[in-house]
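Novice: Structure in structure tokens, see below.
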Amino acid sequence: MRVKRMPEFPPRPFIPPLFWCALGSIVISMVMLENAWERARAGRWCGFSFILPVVVSLVCIACLMCTRVMRHCKAASLLKALRLACLCLIALVWSVCLWSNGMATQIEEVKGTASSYVFEVIGDSNPGEHGFSYTAVAKRKDGSSTTFRVRATGEKSQMRGDRFCAVGSFAALGDSDWARSRFFKGEVARLSLRKCYPAEHEVSNDVVQRARRFLLNRLNPDSTEEGSLIAGVLCGYTTELNRGSIREDFAACGLSHLIAVSGSHLAIVACLVQNVLWRCGLDSRKSRVLMLGACCFYTLLTGAAPSTIRSVCMVGCTNVSMGSGRRSHALSSLSLTLIVMLVIWPNLVFDLGFQLSALSVASILIFGRYVSYALHVLRLPSFIAEGMGITLTAQIATLPLTTLVFGQISLLAPVANVIIAPLISLLLVLGVVAATVLWIPGISAFLALLLHLCSRVILFFVSALAAVPFASLYVSPLPYAWLVPLTCAVLLYWSWPRPSGRIVLVLFSLVVALVGIDLLYWGRFAPPQITVLDVGQADSILIRDGDRCVLIDAGVDDTVLEALASEHVLSLDAVLVTHWDKDHYGGLCDIAKRYSVGEVIVAQGAAQQAPSEIEDSGLNLVEVERGDTIHVGRFVCTVMWPCETVDGDDNEDSLVLLAQYVEGSAHFSMLLTGDSEVDQEHEYAPSVGDIDILKLGHHGSAKSVDMSLLEVLDPEVAIASAGARNSYGHPTGECVAALQNYGARFYCTIDDGSVSFFPDARGIRVHCSGSRGAALE
């Protein structure tokens, strides 16, 4: 009988001084670049005075001289680390200053109209609500050396290397989170395109871009889903991937990193070449040279994408370190690579791909073998334990960052990576081989067939995994949530206990139980509540009780998704759209992509006037009329308005609901008015009667309420949904004054965030995600 042999318990890995230098470099870069952004946002010169790097250099040189004098002391290793830190600090401070001053110069260069420039696209297009957006370099037609990067938006898709002239206008980036992210990518302005026409040379003369374009034309990514996946993995061309449902399926399975060109793709190519050369008997030096050549060839296939260039730098630094005869230490190589990359491209510190790569690789190098050993203890097969160990380590390490950015946690990621990652590796290898034999018709056609077959298999498995209930959870990130995994990592590294099967099983069961209890509670036993969601200058109201959940209006954009995640919404029985104003239905298509939506309810006659994007989404529209009731658990929602057929285009067409809850001694009633105003409200108010809560019509406009209406409805509480610093002045002073004079308590999402109302035996319990919350007797 063959006994399965357990691997050795991995020793605690050594963390070199170079790692702490890299960590310090990241912190210093973040602080200095954040300061540069604050200057640029305020409209001030965003560069730094060169006094700072000069002073830092002098101080560091003084420290280096001191360490030279003290070189014979006992703390030689500490002095070596100090010298290394001084050199890193000098290089980094100068690099950040030069980058920020260069950005400041570019900001000053943005002058005139777009017609004075020729634009060259340096990034593939991303589809969006307002067309296609991409990064382009602007160069003056008069031949001057003025160049700067802009974020262009137009109706036409562009490919990396395209050159065009345009009619359009420049605008400042602004001070939003989006503007901040674009600034750190080196862009200094927005370009809104009204018309584009080819430049003198429509395509860049760059041989690399022409070769990539030729390969993409052969792949034809816009014809089939298989072609778009191959183009994304092999060439980094993600325009077509972003337009379809493929990216959502990959994200739901925690596989987004597999379709974004990164260091993992380069590692696959490098390992393949290295294994082939090793089997051919080549010595290590020649193998490294050829492996770097293969990596450079793959870089050409991607059109020299920045992420691939950074990965080549990482592979190059590692090979130089190993080839120089130094003892190989992966964490030291990673740290050195991070420092070199930050010195060359300091703005990388705010690049999401760089952050995820650095976090995942560092965590795998430190804890990967430990987690794999813990899975071996559970008697899992070796290939599953190794694969899941690496995936789990990377996912847990990057969880705070991915949750903050995407608001999504994939529960299937460990299993999905074990299944899909080898298939993606096969697809990449076949693609690289096919790209080298394009000139041989028969072989290239055979490989193309294999590529499409492999791609079809991948898409089948990914779509099947994404369809699994609760494949991923949408969560609202908590402040300082990153402290939890960081504390656990520090404690684990410090204690480094040997895991036993019982402890691992208990911890795994605890995690499963916590996730299961959370899903069961919010999916089946959610308390009865009506929540006015904070979605900016828009409307979105959630009614839920137990396993029933209905949304009234869908906000103006995907902001509503974050609000729903914060309320732990797992699915929606229906979405009711009061009328066809953008700030009431704008997020509906995004909701339908993320959640299971039973049906969309509109007023009688409004279904025929639905916007084109709603018609194309395939959602089931159901019409209701005055007197109809909608049951949401123990809530009964009665349609009070409109009283006739409408087209749903105007505010007076808004669906108005009276939501009532009666259960024992707990009861309340709330009037949901959409965008209706006093002229309509006076018509339906007598049939509504006395209520507890009034959701103000039209975001609290001057015509949303008056004293005579308040006397009929007699609300204890009134609430308005509005966005901070909105141009309409909502809620208006007249509206707020009327409520104060009447004595009704007033809430607004601007100040109070999302406001939830719970029926209670003692009255109405109110909870605000913002500043206040109290029980109303």
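Residue numbering restarts at 1 for every chain of the structure tokens, chains are lettered A, B, ... in their displayed order, and ligands are numbered from 1 as they appear.
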Find the residues around A:Leu193 up to 9 Å (only C-alpha atoms counted), leave out those fewer than 6 positions away in its own chain, and share them as number ranges by chain.

Specialist: A: 114, 152-155, 166-169

Novice: Could you pull out the strand (DSSP E or B) residues of stretch 537-656 of chain A from DSSP and send them as a count of residues only?

Specialist: 39

Novice: Name the residues in contact with stretch 584-591 of chain A at a cut-off of 7 Å, using only C-alpha atoms, excluding same-chain residues fewer than 6 positions from it; report them as a list in words.

Specialist: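 Using only C-alpha atoms, the neighbours found are Ala538, Asp539, Asp553, Ala554, Gly555, Val556, Asp557, Asp558, Val560, Leu561, Val577, Ile614 and Ser617 of chain A.
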
Novice: Would you put the residues from that selection into a file with N, CA and C atoms, as an mmCIF file, in the first residue's frame?

Specialist:
```cif
data_model
loop_
_atom_site.group_PDB
_atom_site.id
_atom_site.type_symbol
_atom_site.label_atom_id
_atom_site.label_comp_id
_atom_site.auth_asym_id
_atom_site.auth_seq_id
_atom_site.Cartn_x
_atom_site.Cartn_y
_atom_site.Cartn_z
ATOM 1 N N ALA A 538 -30.441 61.886 -7.184
ATOM 2 C CA ALA A 538 -31.273 60.863 -7.828
ATOM 3 C C ALA A 538 -32.152 60.230 -6.762
ATOM 4 N N ASP A 539 -33.027 59.325 -7.200
ATOM 5 C CA ASP A 539 -33.933 58.624 -6.289
ATOM 6 C C ASP A 539 -33.691 57.133 -6.342
ATOM 7 N N ASP A 553 -37.211 52.968 -8.006
ATOM 8 C CA ASP A 553 -36.268 53.788 -8.774
ATOM 9 C C ASP A 553 -34.838 53.264 -8.626
ATOM 10 N N ALA A 554 -34.022 53.567 -9.643
ATOM 11 C CA ALA A 554 -32.704 52.932 -9.753
ATOM 12 C C ALA A 554 -31.552 53.925 -9.800
ATOM 13 N N GLY A 555 -31.769 55.172 -9.311
ATOM 14 C CA GLY A 555 -30.675 56.128 -9.318
ATOM 15 C C GLY A 555 -30.332 56.591 -10.719
ATOM 16 N N VAL A 556 -29.193 57.276 -10.827
ATOM 17 C CA VAL A 556 -28.797 57.848 -12.111
ATOM 18 C C VAL A 556 -27.655 57.076 -12.783
ATOM 19 N N ASP A 557 -26.894 56.311 -12.003
ATOM 20 C CA ASP A 557 -25.755 55.564 -12.550
ATOM 21 C C ASP A 557 -25.453 54.393 -11.638
ATOM 22 N N ASP A 558 -24.234 53.830 -11.771
ATOM 23 C CA ASP A 558 -23.902 52.641 -10.988
ATOM 24 C C ASP A 558 -23.625 52.934 -9.521
ATOM 25 N N VAL A 560 -25.794 53.373 -7.426
ATOM 26 C CA VAL A 560 -26.819 52.617 -6.715
ATOM 27 C C VAL A 560 -26.317 51.233 -6.310
ATOM 28 N N LEU A 561 -25.354 50.677 -7.059
ATOM 29 C CA LEU A 561 -24.837 49.354 -6.722
ATOM 30 C C LEU A 561 -24.131 49.352 -5.376
ATOM 31 N N VAL A 577 -39.994 51.674 -11.522
ATOM 32 C CA VAL A 577 -39.497 52.949 -12.040
ATOM 33 C C VAL A 577 -40.659 53.926 -12.083
ATOM 34 N N ILE A 614 -33.299 50.332 -22.021
ATOM 35 C CA ILE A 614 -34.148 49.457 -21.209
ATOM 36 C C ILE A 614 -34.796 48.402 -22.102
ATOM 37 N N SER A 617 -32.279 45.703 -22.984
ATOM 38 C CA SER A 617 -31.773 44.899 -21.871
ATOM 39 C C SER A 617 -32.519 43.591 -21.692
#
```

Novice: Tell me, counting only C-alpha atoms, for each residue of stretch 516-538 of chain A within 10 Å of stretch 632-640 of chain A, which pair of atoms is nearest and how far apart they are in Å to one decimal, in rows ordered by chain and increasing number, as a tab-separated table.

Specialist:
```
residue	atom	partner	partner_atom	distance
A:Pro528	CA	A:Arg634	CA	7.8
A:Gln529	CA	A:Phe635	CA	9.1
A:Ile530	CA	A:Phe635	CA	9.5
```

Novice: Tell me which of A:Cys63, A:Ala374, A:Cys735, A:Ala294 sits closest to A:Arg502, counting only C-alpha atoms.

Specialist: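 Selected residue with least distance to A:Arg502: A:Ala374.
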